[in-house]
$ cat coords.json   # JSON, C-alpha atoms and all ligand atoms
[["chain", "number", "residue", "atom", "x", "y", "z"],
["A", 1, "MET", "CA", 29.44, 99.22, 68.99],
["A", 2, "ARG", "CA", 31.23, 95.92, 68.57],
["A", 3, "LEU", "CA", 29.27, 93.66, 66.22],
["A", 4, "GLY", "CA", 29.14, 89.87, 66.08],
["A", 5, "VAL", "CA", 27.49, 88.16, 63.10],
["A", 6, "LEU", "CA", 26.09, 84.62, 63.09],
["A", 7, "VAL", "CA", 25.95, 82.97, 59.67],
["A", 8, "SER", "CA", 25.32, 79.60, 58.02],
["A", 9, "GLY", "CA", 25.55, 80.13, 54.28],
["A", 10, "ARG", "CA", 26.03, 82.56, 51.41],
["A", 11, "GLY", "CA", 26.87, 85.61, 53.51],
["A", 12, "SER", "CA", 25.59, 88.37, 51.22],
["A", 13, "ASN", "CA", 24.12, 90.34, 54.14],
["A", 14, "LEU", "CA", 27.40, 89.94, 55.99],
["A", 15, "GLU", "CA", 29.16, 91.19, 52.87],
["A", 16, "ALA", "CA", 26.91, 94.27, 52.71],
["A", 17, "VAL", "CA", 27.83, 95.12, 56.30],
["A", 18, "LEU", "CA", 31.56, 94.49, 55.88],
["A", 19, "ARG", "CA", 31.82, 96.30, 52.58],
["A", 20, "GLU", "CA", 30.48, 99.48, 54.08],
["A", 21, "PRO", "CA", 30.43, 99.17, 57.87],
["A", 22, "PRO", "CA", 27.64, 101.37, 59.24],
["A", 23, "ALA", "CA", 28.78, 104.41, 61.22],
["A", 24, "GLY", "CA", 29.34, 103.44, 64.84],
["A", 25, "ILE", "CA", 29.55, 99.71, 64.07],
["A", 26, "GLU", "CA", 32.78, 97.72, 64.29],
["A", 27, "PRO", "CA", 32.43, 94.13, 63.04],
["A", 28, "VAL", "CA", 34.73, 92.06, 65.28],
["A", 29, "LEU", "CA", 33.62, 88.43, 65.03],
["A", 30, "VAL", "CA", 31.81, 86.09, 62.65],
["A", 31, "ILE", "CA", 30.51, 82.75, 63.91],
["A", 32, "SER", "CA", 29.32, 80.02, 61.55],
["A", 33, "ASN", "CA", 27.69, 76.72, 62.48],
["A", 34, "ARG", "CA", 28.72, 75.32, 59.08],
["A", 35, "PRO", "CA", 32.36, 74.76, 58.14],
["A", 36, "GLY", "CA", 31.79, 75.19, 54.38],
["A", 37, "ALA", "CA", 29.76, 78.41, 54.54],
["A", 38, "ARG", "CA", 30.68, 80.97, 51.87],
["A", 39, "ALA", "CA", 30.19, 83.59, 54.58],
["A", 40, "LEU", "CA", 33.48, 82.42, 56.10],
["A", 41, "SER", "CA", 35.38, 83.49, 52.96],
["A", 42, "VAL", "CA", 33.55, 86.81, 53.09],
["A", 43, "ALA", "CA", 34.82, 87.33, 56.65],
["A", 44, "ALA", "CA", 38.35, 86.33, 55.63],
["A", 45, "ALA", "CA", 38.32, 88.67, 52.63],
["A", 46, "HIS", "CA", 37.54, 91.57, 54.98],
["A", 47, "GLY", "CA", 39.98, 90.49, 57.68],
["A", 48, "VAL", "CA", 37.30, 89.81, 60.28],
["A", 49, "PRO", "CA", 38.06, 86.89, 62.64],
["A", 50, "ALA", "CA", 35.72, 83.93, 62.21],
["A", 51, "VAL", "CA", 35.09, 80.79, 64.21],
["A", 52, "VAL", "CA", 33.18, 77.66, 63.25],
["A", 53, "LEU", "CA", 31.04, 76.06, 65.96],
["A", 54, "PRO", "CA", 29.20, 73.04, 64.54],
["A", 55, "ARG", "CA", 26.86, 71.19, 66.89],
["A", 56, "SER", "CA", 28.83, 68.01, 66.23],
["A", 57, "ARG", "CA", 31.72, 69.46, 68.19],
["A", 58, "PHE", "CA", 29.46, 69.48, 71.26],
["A", 59, "GLY", "CA", 28.24, 65.91, 70.93],
["A", 60, "GLY", "CA", 25.11, 67.15, 69.14],
["A", 61, "ASP", "CA", 24.11, 69.22, 72.20],
["A", 62, "ALA", "CA", 22.55, 72.44, 70.87],
["A", 63, "SER", "CA", 22.49, 74.03, 74.29],
["A", 64, "ALA", "CA", 26.22, 73.46, 74.82],
["A", 65, "ARG", "CA", 26.90, 74.92, 71.37],
["A", 66, "ASP", "CA", 24.77, 77.97, 72.13],
["A", 67, "ALA", "CA", 26.64, 78.51, 75.40],
["A", 68, "ALA", "CA", 29.90, 78.38, 73.42],
["A", 69, "ILE", "CA", 28.55, 80.96, 70.95],
["A", 70, "ALA", "CA", 27.65, 83.31, 73.81],
["A", 71, "ALA", "CA", 31.07, 82.73, 75.40],
["A", 72, "ALA", "CA", 32.89, 83.53, 72.14],
["A", 73, "LEU", "CA", 30.85, 86.73, 71.74],
["A", 74, "ILE", "CA", 31.53, 87.79, 75.34],
["A", 75, "ASP", "CA", 35.20, 87.01, 74.85],
["A", 76, "ALA", "CA", 35.30, 89.31, 71.81],
["A", 77, "ARG", "CA", 33.43, 91.98, 73.83],
["A", 78, "VAL", "CA", 30.59, 92.00, 71.31],
["A", 79, "ASP", "CA", 27.81, 94.49, 72.11],
["A", 80, "VAL", "CA", 25.24, 93.62, 69.45],
["A", 81, "VAL", "CA", 24.69, 90.50, 67.36],
["A", 82, "LEU", "CA", 23.27, 90.18, 63.85],
["A", 83, "LEU", "CA", 21.85, 86.90, 62.60],
["A", 84, "ALA", "CA", 22.50, 87.04, 58.87],
["A", 85, "GLY", "CA", 21.20, 83.81, 57.39],
["A", 86, "TYR", "CA", 21.81, 81.81, 60.59],
["A", 87, "ASP", "CA", 19.76, 78.64, 60.18],
["A", 88, "GLN", "CA", 19.33, 77.46, 63.78],
["A", 89, "LEU", "CA", 17.03, 78.48, 66.61],
["A", 90, "LEU", "CA", 18.97, 79.81, 69.59],
["A", 91, "SER", "CA", 18.27, 78.43, 73.05],
["A", 92, "ALA", "CA", 18.24, 79.79, 76.60],
["A", 93, "ALA", "CA", 21.99, 79.12, 76.90],
["A", 94, "TYR", "CA", 22.55, 81.81, 74.26],
["A", 95, "PHE", "CA", 20.04, 84.32, 75.59],
["A", 96, "LYS", "CA", 21.64, 84.38, 79.06],
["A", 97, "GLY", "CA", 24.31, 86.53, 77.43],
["A", 98, "TYR", "CA", 22.63, 88.30, 74.54],
["A", 99, "ALA", "CA", 18.88, 88.62, 75.14],
["A", 100, "GLY", "CA", 17.67, 91.98, 73.79],
["A", 101, "ARG", "CA", 20.93, 92.52, 71.94],
["A", 102, "THR", "CA", 20.38, 90.22, 68.96],
["A", 103, "VAL", "CA", 18.62, 91.03, 65.69],
["A", 104, "ASN", "CA", 17.75, 88.90, 62.66],
["A", 105, "ILE", "CA", 17.06, 89.78, 59.05],
["A", 106, "HIS", "CA", 14.14, 87.95, 57.42],
["A", 107, "PRO", "CA", 13.09, 88.22, 53.74],
["A", 108, "SER", "CA", 9.40, 89.09, 54.22],
["A", 109, "LEU", "CA", 7.20, 91.67, 55.86],
["A", 110, "LEU", "CA", 6.80, 89.86, 59.18],
["A", 111, "PRO", "CA", 4.49, 88.72, 60.67],
["A", 112, "ALA", "CA", 3.57, 87.66, 57.13],
["A", 113, "HIS", "CA", 5.44, 84.61, 55.86],
["A", 114, "GLY", "CA", 7.55, 83.83, 58.90],
["A", 115, "GLY", "CA", 7.94, 80.80, 61.13],
["A", 116, "ARG", "CA", 8.43, 77.11, 60.40],
["A", 117, "GLY", "CA", 9.49, 76.29, 56.84],
["A", 118, "MET", "CA", 9.64, 79.94, 55.83],
["A", 119, "VAL", "CA", 13.25, 79.99, 54.73],
["A", 120, "GLY", "CA", 15.00, 80.80, 51.47],
["A", 121, "ILE", "CA", 12.97, 80.56, 48.27],
["A", 122, "GLU", "CA", 9.96, 79.14, 50.18],
["A", 123, "VAL", "CA", 9.27, 82.60, 51.60],
["A", 124, "HIS", "CA", 8.96, 84.13, 48.13],
["A", 125, "ARG", "CA", 6.87, 81.22, 46.84],
["A", 126, "ALA", "CA", 4.48, 81.81, 49.74],
["A", 127, "VAL", "CA", 4.25, 85.53, 48.94],
["A", 128, "LEU", "CA", 3.37, 84.76, 45.31],
["A", 129, "ALA", "CA", 0.91, 82.02, 46.30],
["A", 130, "ALA", "CA", -0.84, 84.45, 48.63],
["A", 131, "GLY", "CA", -1.18, 86.99, 45.81],
["A", 132, "ASP", "CA", 0.49, 89.73, 47.88],
["A", 133, "ARG", "CA", 1.07, 93.00, 46.04],
["A", 134, "GLU", "CA", 4.18, 93.83, 48.05],
["A", 135, "SER", "CA", 6.89, 92.07, 49.99],
["A", 136, "GLY", "CA", 10.08, 93.18, 51.66],
["A", 137, "ALA", "CA", 12.44, 92.53, 54.53],
["A", 138, "THR", "CA", 12.21, 92.79, 58.30],
["A", 139, "VAL", "CA", 14.87, 93.27, 60.94],
["A", 140, "HIS", "CA", 13.49, 92.04, 64.24],
["A", 141, "GLU", "CA", 14.68, 91.33, 67.72],
["A", 142, "VAL", "CA", 15.55, 87.68, 68.22],
["A", 143, "THR", "CA", 13.77, 85.70, 70.92],
["A", 144, "ALA", "CA", 13.59, 81.95, 71.51],
["A", 145, "ASP", "CA", 10.53, 81.78, 69.21],
["A", 146, "LEU", "CA", 11.17, 81.59, 65.46],
["A", 147, "ASP", "CA", 10.68, 84.92, 63.63],
["A", 148, "ALA", "CA", 8.45, 86.15, 66.48],
["A", 149, "GLY", "CA", 10.48, 88.89, 68.21],
["A", 150, "PRO", "CA", 9.34, 92.51, 67.82],
["A", 151, "ALA", "CA", 10.04, 94.11, 64.44],
["A", 152, "ILE", "CA", 12.60, 96.94, 64.50],
["A", 153, "ALA", "CA", 12.61, 98.04, 60.85],
["A", 154, "GLN", "CA", 11.13, 97.03, 57.50],
["A", 155, "ALA", "CA", 11.79, 97.75, 53.83],
["A", 156, "ARG", "CA", 9.08, 97.27, 51.22],
["A", 157, "VAL", "CA", 9.36, 96.21, 47.58],
["A", 158, "PRO", "CA", 6.61, 95.70, 45.00],
["A", 159, "VAL", "CA", 5.62, 92.27, 43.76],
["A", 160, "LEU", "CA", 5.49, 92.65, 39.96],
["A", 161, "PRO", "CA", 3.00, 90.81, 37.73],
["A", 162, "ASP", "CA", 5.66, 88.75, 35.95],
["A", 163, "ASP", "CA", 7.63, 87.85, 39.09],
["A", 164, "ASP", "CA", 8.66, 84.32, 39.86],
["A", 165, "ALA", "CA", 10.13, 83.35, 43.24],
["A", 166, "ALA", "CA", 13.69, 83.93, 42.00],
["A", 167, "SER", "CA", 13.09, 87.43, 40.63],
["A", 168, "LEU", "CA", 11.21, 88.42, 43.78],
["A", 169, "ALA", "CA", 13.99, 86.95, 45.96],
["A", 170, "ALA", "CA", 16.59, 89.04, 44.11],
["A", 171, "ARG", "CA", 14.58, 92.26, 44.59],
["A", 172, "VAL", "CA", 14.03, 91.52, 48.28],
["A", 173, "LEU", "CA", 17.71, 90.66, 48.81],
["A", 174, "GLU", "CA", 18.81, 94.07, 47.52],
["A", 175, "ALA", "CA", 16.37, 95.66, 49.95],
["A", 176, "GLU", "CA", 17.73, 93.45, 52.75],
["A", 177, "HIS", "CA", 21.26, 94.67, 52.19],
["A", 178, "ARG", "CA", 20.24, 98.32, 52.43],
["A", 179, "LEU", "CA", 17.97, 97.67, 55.41],
["A", 180, "VAL", "CA", 20.52, 95.73, 57.43],
["A", 181, "VAL", "CA", 23.19, 98.41, 57.04],
["A", 182, "GLU", "CA", 20.79, 101.26, 57.81],
["A", 183, "THR", "CA", 19.27, 99.49, 60.81],
["A", 184, "LEU", "CA", 22.66, 98.73, 62.36],
["A", 185, "ARG", "CA", 23.58, 102.38, 61.89],
["A", 186, "ARG", "CA", 20.42, 103.43, 63.72],
["A", 187, "ILE", "CA", 21.04, 100.91, 66.50],
["A", 188, "ALA", "CA", 24.56, 102.28, 66.97],
["A", 189, "ALA", "CA", 23.16, 105.80, 67.03],
["A", 190, "GLY", "CA", 20.88, 104.71, 69.86],
["A", 191, "SER", "CA", 17.68, 105.41, 67.99],
["A", 192, "LEU", "CA", 16.46, 101.80, 68.03],
["A", 193, "PRO", "CA", 16.23, 98.96, 70.58],
["A", 194, "ALA", "CA", 18.80, 96.16, 70.82],
["A", 195, "ASP", "CA", 20.80, 97.56, 73.72],
["B", 201, "LIG", "C1", 18.54, 86.20, 53.73],
["B", 201, "LIG", "O1", 17.49, 86.19, 52.81],
["B", 201, "LIG", "C2", 18.04, 86.50, 55.11],
["B", 201, "LIG", "O2", 16.95, 87.36, 55.14],
["B", 201, "LIG", "C3", 17.61, 85.13, 55.61],
["B", 201, "LIG", "O3", 18.57, 84.25, 55.08],
["B", 201, "LIG", "C4", 19.13, 84.81, 53.89],
["B", 201, "LIG", "C5", 20.60, 84.86, 54.10],
["B", 201, "LIG", "O4", 21.28, 85.28, 52.95],
["B", 201, "LIG", "N1", 17.50, 85.07, 57.04],
["B", 201, "LIG", "P1", 22.81, 85.67, 53.01],
["B", 201, "LIG", "O5", 23.53, 84.47, 53.64],
["B", 201, "LIG", "O6", 22.94, 86.90, 53.85],
["B", 201, "LIG", "O7", 23.22, 85.88, 51.61]]

$ encode --input "coords.json" --output "structure tokens"
Amino acid sequence: MRLGVLVSGRGSNLEAVLREPPAGIEPVLVISNRPGARALSVAAAHGVPAVVLPRSRFGGDASARDAAIAAALIDARVDVVLLAGYDQLLSAAYFKGYAGRTVNIHPSLLPAHGGRGMVGIEVHRAVLAAGDRESGATVHEVTADLDAGPAIAQARVPVLPDDDAASLAARVLEAEHRLVVETLRRIAAGSLPAD
């Protein structure tokens, strides 16, 4: 399966996938909406082609940018798309090409702690504020609604009594890296949706 990855920032999940590509998965294209994203150096270090498609290049028109993303993926004959820290909602112009073939990784046990504002460290702060005894990561199908597509796989980690948001984030991130690789492997093996 040819894999496309959409990124905006650090790129540690991308790195996990490129370091040890899951059986049956061939990463062929990385797309970033942000020119300075560290994820772009990760792609370069692994020799995976990357393109930058900021909204500004499309006169601020998100729909035109999303159509360009879908076109670039189609052009690269991408079969399945991973959102790995992509910080924008995708619109109908994107889903014309890749509905049902796009998954996202989120750093909580969705549906808990998803949706508006639940990004980065805020997710882990919310878990601690809620007094949850465990957290984790979710890979879910991407739909036009934020963090709301059906869950495909989850990994659980404990919340420890002396955790702060940073220590919890680090534990969840390790779980994310394992989960994203394993879930892509299972998708390629045909044992999960996203086809
Ligand atoms: C991860 O925590 C992921 O779950 C969330 O954004 C973060 C991206 O991190 N969607 P990285 O860019 O993969 O390091």

$ residues_near_ligand --input "coords.json" --ligand "ligand LIG 201 (chain B)" --cutoff "9 Å" --atoms "all atoms listed in the file" --output "short mmCIF file (atom, residue, chain, number, x, y, z; two decimals) with C-alpha atoms, in the frame of the given file"
data_model
loop_
_atom_site.label_atom_id
_atom_site.label_comp_id
_atom_site.auth_asym_id
_atom_site.auth_seq_id
_atom_site.Cartn_x
_atom_site.Cartn_y
_atom_site.Cartn_z
CA VAL A 7 25.95 82.97 59.67
CA SER A 8 25.32 79.60 58.02
CA GLY A 9 25.55 80.13 54.28
CA ARG A 10 26.03 82.56 51.41
CA GLY A 11 26.87 85.61 53.51
CA SER A 12 25.59 88.37 51.22
CA ASN A 13 24.12 90.34 54.14
CA LEU A 14 27.40 89.94 55.99
CA GLU A 15 29.16 91.19 52.87
CA ALA A 16 26.91 94.27 52.71
CA ALA A 37 29.76 78.41 54.54
CA ARG A 38 30.68 80.97 51.87
CA ALA A 39 30.19 83.59 54.58
CA LEU A 83 21.85 86.90 62.60
CA ALA A 84 22.50 87.04 58.87
CA GLY A 85 21.20 83.81 57.39
CA TYR A 86 21.81 81.81 60.59
CA ASP A 87 19.76 78.64 60.18
CA ASN A 104 17.75 88.90 62.66
CA ILE A 105 17.06 89.78 59.05
CA HIS A 106 14.14 87.95 57.42
CA PRO A 107 13.09 88.22 53.74
CA SER A 108 9.40 89.09 54.22
CA VAL A 119 13.25 79.99 54.73
CA GLY A 120 15.00 80.80 51.47
CA ILE A 121 12.97 80.56 48.27
CA ALA A 137 12.44 92.53 54.53
CA THR A 138 12.21 92.79 58.30
CA VAL A 139 14.87 93.27 60.94
CA ALA A 169 13.99 86.95 45.96
CA VAL A 172 14.03 91.52 48.28
CA LEU A 173 17.71 90.66 48.81
CA GLU A 176 17.73 93.45 52.75
CA HIS A 177 21.26 94.67 52.19
#

$ closest_residue --input "coords.json" --among "A:Ala166, A:Val123, A:Val17, A:Leu110" --to "A:Pro150" --atoms "only C-alpha atoms"
A:Leu110

$ residues_around --input "coords.json" --residues "A:Gly190" --least-positions-apart "2" --cutoff "12 Å" --atoms "only C-alpha atoms" --output "JSON, numbers by chain"
{"A": [1, 23, 24, 25, 80, 183, 184, 185, 186, 187, 188, 192, 193, 194, 195]}

$ residues_around --input "coords.json" --residues "A:Gly131" --least-positions-apart "3" --cutoff "12 Å" --atoms "only C-alpha atoms" --output "ChimeraX atom specification"
/A:124-128,134-135,158-161,163-164

$ residues_around --input "coords.json" --residues "A:Arg77" --least-positions-apart "5" --cutoff "10 Å" --atoms "all atoms listed in the file" --output "PDB file with C-alpha atoms, in the frame of the given file"
ATOM      1  CA  MET A   1      29.440  99.220  68.990  1.00  0.00           C
ATOM      2  CA  ARG A   2      31.230  95.920  68.570  1.00  0.00           C
ATOM      3  CA  LEU A   3      29.270  93.660  66.220  1.00  0.00           C
ATOM      4  CA  GLY A   4      29.140  89.870  66.080  1.00  0.00           C
ATOM      5  CA  VAL A  28      34.730  92.060  65.280  1.00  0.00           C
ATOM      6  CA  LEU A  29      33.620  88.430  65.030  1.00  0.00           C
ATOM      7  CA  ALA A  71      31.070  82.730  75.400  1.00  0.00           C
ATOM      8  CA  ALA A  72      32.890  83.530  72.140  1.00  0.00           C
TER       9      ALA A  72
END

$ atom_distance --input "coords.json" --atom1 "atom CA of A:Val5" --atom2 "atom CA of A:Val81"
5.6 Å

$ atom_distance --input "coords.json" --atom1 "atom CA of A:Val48" --atom2 "atom CA of A:Gln88"
22.1 Å

$ closest_residue --input "coords.json" --among "A:Asp61, A:Glu141, A:Asp162, A:Glu182" --to "A:Gly100" --atoms "all atoms listed in the file"
A:Glu141

$ atom_distance --input "coords.json" --atom1 "atom CA of A:Ala144" --atom2 "atom CA of A:Ala76"
22.9 Å

$ closest_residue --input "coords.json" --among "A:Ala175, A:Ser167, A:Gly115, A:Ala129" --to "A:Ala148" --atoms "all atoms listed in the file"
A:Gly115

$ closest_residue --input "coords.json" --among "A:Leu109, A:Val42, A:Ala93, A:Ala67" --to "A:Ala151" --atoms "all atoms listed in the file"
A:Leu109

$ residues_near_point --input "coords.json" --point "(20.3, 87.4, 79.0)" --cutoff "12 Å" --atoms "all atoms listed in the file" --output "count of residues only"
19

$ closest_residue --input "coords.json" --among "A:Val103, A:Leu40, A:Val78, A:Val51" --to "A:Gly149" --atoms "only C-alpha atoms"
A:Val103

$ build_atoms --input "coords.json" --residues "stretch 57-68 of chain A" --atoms "all heavy atoms" --output "PDB file, in the coordinates of the input"
ATOM      1  N   ARG A  57      30.593  69.304  67.285  1.00  0.00           N
ATOM      2  CA  ARG A  57      31.720  69.460  68.190  1.00  0.00           C
ATOM      3  C   ARG A  57      31.283  69.384  69.664  1.00  0.00           C
ATOM      4  O   ARG A  57      32.087  69.236  70.570  1.00  0.00           O
ATOM      5  CB  ARG A  57      32.424  70.795  67.947  1.00  0.00           C
ATOM      6  CG  ARG A  57      33.683  70.861  68.781  1.00  0.00           C
ATOM      7  CD  ARG A  57      34.454  72.143  68.708  1.00  0.00           C
ATOM      8  NE  ARG A  57      34.764  72.567  67.368  1.00  0.00           N
ATOM      9  CZ  ARG A  57      35.219  73.779  67.085  1.00  0.00           C
ATOM     10  NH1 ARG A  57      35.414  74.651  68.058  1.00  0.00           N
ATOM     11  NH2 ARG A  57      35.480  74.124  65.859  1.00  0.00           N
ATOM     12  N   PHE A  58      29.977  69.499  69.888  1.00  0.00           N
ATOM     13  CA  PHE A  58      29.460  69.480  71.260  1.00  0.00           C
ATOM     14  C   PHE A  58      28.595  68.236  71.487  1.00  0.00           C
ATOM     15  O   PHE A  58      27.603  68.275  72.205  1.00  0.00           O
ATOM     16  CB  PHE A  58      28.661  70.764  71.536  1.00  0.00           C
ATOM     17  CG  PHE A  58      29.487  72.006  71.289  1.00  0.00           C
ATOM     18  CD1 PHE A  58      29.498  72.599  70.034  1.00  0.00           C
ATOM     19  CD2 PHE A  58      30.290  72.522  72.300  1.00  0.00           C
ATOM     20  CE1 PHE A  58      30.289  73.709  69.787  1.00  0.00           C
ATOM     21  CE2 PHE A  58      31.081  73.639  72.059  1.00  0.00           C
ATOM     22  CZ  PHE A  58      31.078  74.234  70.804  1.00  0.00           C
ATOM     23  N   GLY A  59      28.970  67.163  70.787  1.00  0.00           N
ATOM     24  CA  GLY A  59      28.240  65.910  70.930  1.00  0.00           C
ATOM     25  C   GLY A  59      26.780  66.037  70.529  1.00  0.00           C
ATOM     26  O   GLY A  59      25.914  65.353  71.072  1.00  0.00           O
ATOM     27  N   GLY A  60      26.489  66.972  69.608  1.00  0.00           N
ATOM     28  CA  GLY A  60      25.110  67.150  69.140  1.00  0.00           C
ATOM     29  C   GLY A  60      24.263  67.970  70.106  1.00  0.00           C
ATOM     30  O   GLY A  60      23.060  68.144  69.879  1.00  0.00           O
ATOM     31  N   ASP A  61      24.864  68.487  71.171  1.00  0.00           N
ATOM     32  CA  ASP A  61      24.110  69.220  72.200  1.00  0.00           C
ATOM     33  C   ASP A  61      23.985  70.699  71.820  1.00  0.00           C
ATOM     34  O   ASP A  61      24.925  71.481  71.947  1.00  0.00           O
ATOM     35  CB  ASP A  61      24.852  69.044  73.537  1.00  0.00           C
ATOM     36  CG  ASP A  61      24.149  69.751  74.685  1.00  0.00           C
ATOM     37  OD1 ASP A  61      23.250  70.584  74.426  1.00  0.00           O
ATOM     38  OD2 ASP A  61      24.513  69.474  75.838  1.00  0.00           O
ATOM     39  N   ALA A  62      22.770  71.075  71.361  1.00  0.00           N
ATOM     40  CA  ALA A  62      22.550  72.440  70.870  1.00  0.00           C
ATOM     41  C   ALA A  62      22.758  73.469  71.981  1.00  0.00           C
ATOM     42  O   ALA A  62      23.280  74.566  71.741  1.00  0.00           O
ATOM     43  CB  ALA A  62      21.143  72.573  70.300  1.00  0.00           C
ATOM     44  N   SER A  63      22.369  73.101  73.183  1.00  0.00           N
ATOM     45  CA  SER A  63      22.490  74.030  74.290  1.00  0.00           C
ATOM     46  C   SER A  63      23.962  74.314  74.611  1.00  0.00           C
ATOM     47  O   SER A  63      24.342  75.472  74.863  1.00  0.00           O
ATOM     48  CB  SER A  63      21.739  73.440  75.488  1.00  0.00           C
ATOM     49  OG  SER A  63      21.906  74.247  76.593  1.00  0.00           O
ATOM     50  N   ALA A  64      24.772  73.274  74.574  1.00  0.00           N
ATOM     51  CA  ALA A  64      26.220  73.460  74.820  1.00  0.00           C
ATOM     52  C   ALA A  64      26.832  74.313  73.715  1.00  0.00           C
ATOM     53  O   ALA A  64      27.671  75.187  73.964  1.00  0.00           O
ATOM     54  CB  ALA A  64      26.914  72.100  74.878  1.00  0.00           C
ATOM     55  N   ARG A  65      26.401  74.097  72.482  1.00  0.00           N
ATOM     56  CA  ARG A  65      26.900  74.920  71.370  1.00  0.00           C
ATOM     57  C   ARG A  65      26.485  76.376  71.556  1.00  0.00           C
ATOM     58  O   ARG A  65      27.289  77.300  71.371  1.00  0.00           O
ATOM     59  CB  ARG A  65      26.399  74.368  70.045  1.00  0.00           C
ATOM     60  CG  ARG A  65      27.094  74.977  68.822  1.00  0.00           C
ATOM     61  CD  ARG A  65      26.324  76.117  68.174  1.00  0.00           C
ATOM     62  NE  ARG A  65      25.021  75.676  67.747  1.00  0.00           N
ATOM     63  CZ  ARG A  65      24.798  74.965  66.643  1.00  0.00           C
ATOM     64  NH1 ARG A  65      25.790  74.648  65.861  1.00  0.00           N
ATOM     65  NH2 ARG A  65      23.579  74.598  66.330  1.00  0.00           N
ATOM     66  N   ASP A  66      25.246  76.594  71.965  1.00  0.00           N
ATOM     67  CA  ASP A  66      24.770  77.970  72.130  1.00  0.00           C
ATOM     68  C   ASP A  66      25.516  78.676  73.261  1.00  0.00           C
ATOM     69  O   ASP A  66      25.791  79.883  73.181  1.00  0.00           O
ATOM     70  CB  ASP A  66      23.263  77.985  72.382  1.00  0.00           C
ATOM     71  CG  ASP A  66      22.489  77.623  71.124  1.00  0.00           C
ATOM     72  OD1 ASP A  66      23.127  77.496  70.051  1.00  0.00           O
ATOM     73  OD2 ASP A  66      21.258  77.467  71.203  1.00  0.00           O
ATOM     74  N   ALA A  67      25.852  77.926  74.312  1.00  0.00           N
ATOM     75  CA  ALA A  67      26.640  78.510  75.400  1.00  0.00           C
ATOM     76  C   ALA A  67      28.022  78.905  74.879  1.00  0.00           C
ATOM     77  O   ALA A  67      28.566  79.962  75.242  1.00  0.00           O
ATOM     78  CB  ALA A  67      26.767  77.518  76.554  1.00  0.00           C
ATOM     79  N   ALA A  68      28.577  78.082  73.990  1.00  0.00           N
ATOM     80  CA  ALA A  68      29.900  78.380  73.420  1.00  0.00           C
ATOM     81  C   ALA A  68      29.831  79.610  72.509  1.00  0.00           C
ATOM     82  O   ALA A  68      30.769  80.422  72.467  1.00  0.00           O
ATOM     83  CB  ALA A  68      30.420  77.169  72.635  1.00  0.00           C
TER      84      ALA A  68
END
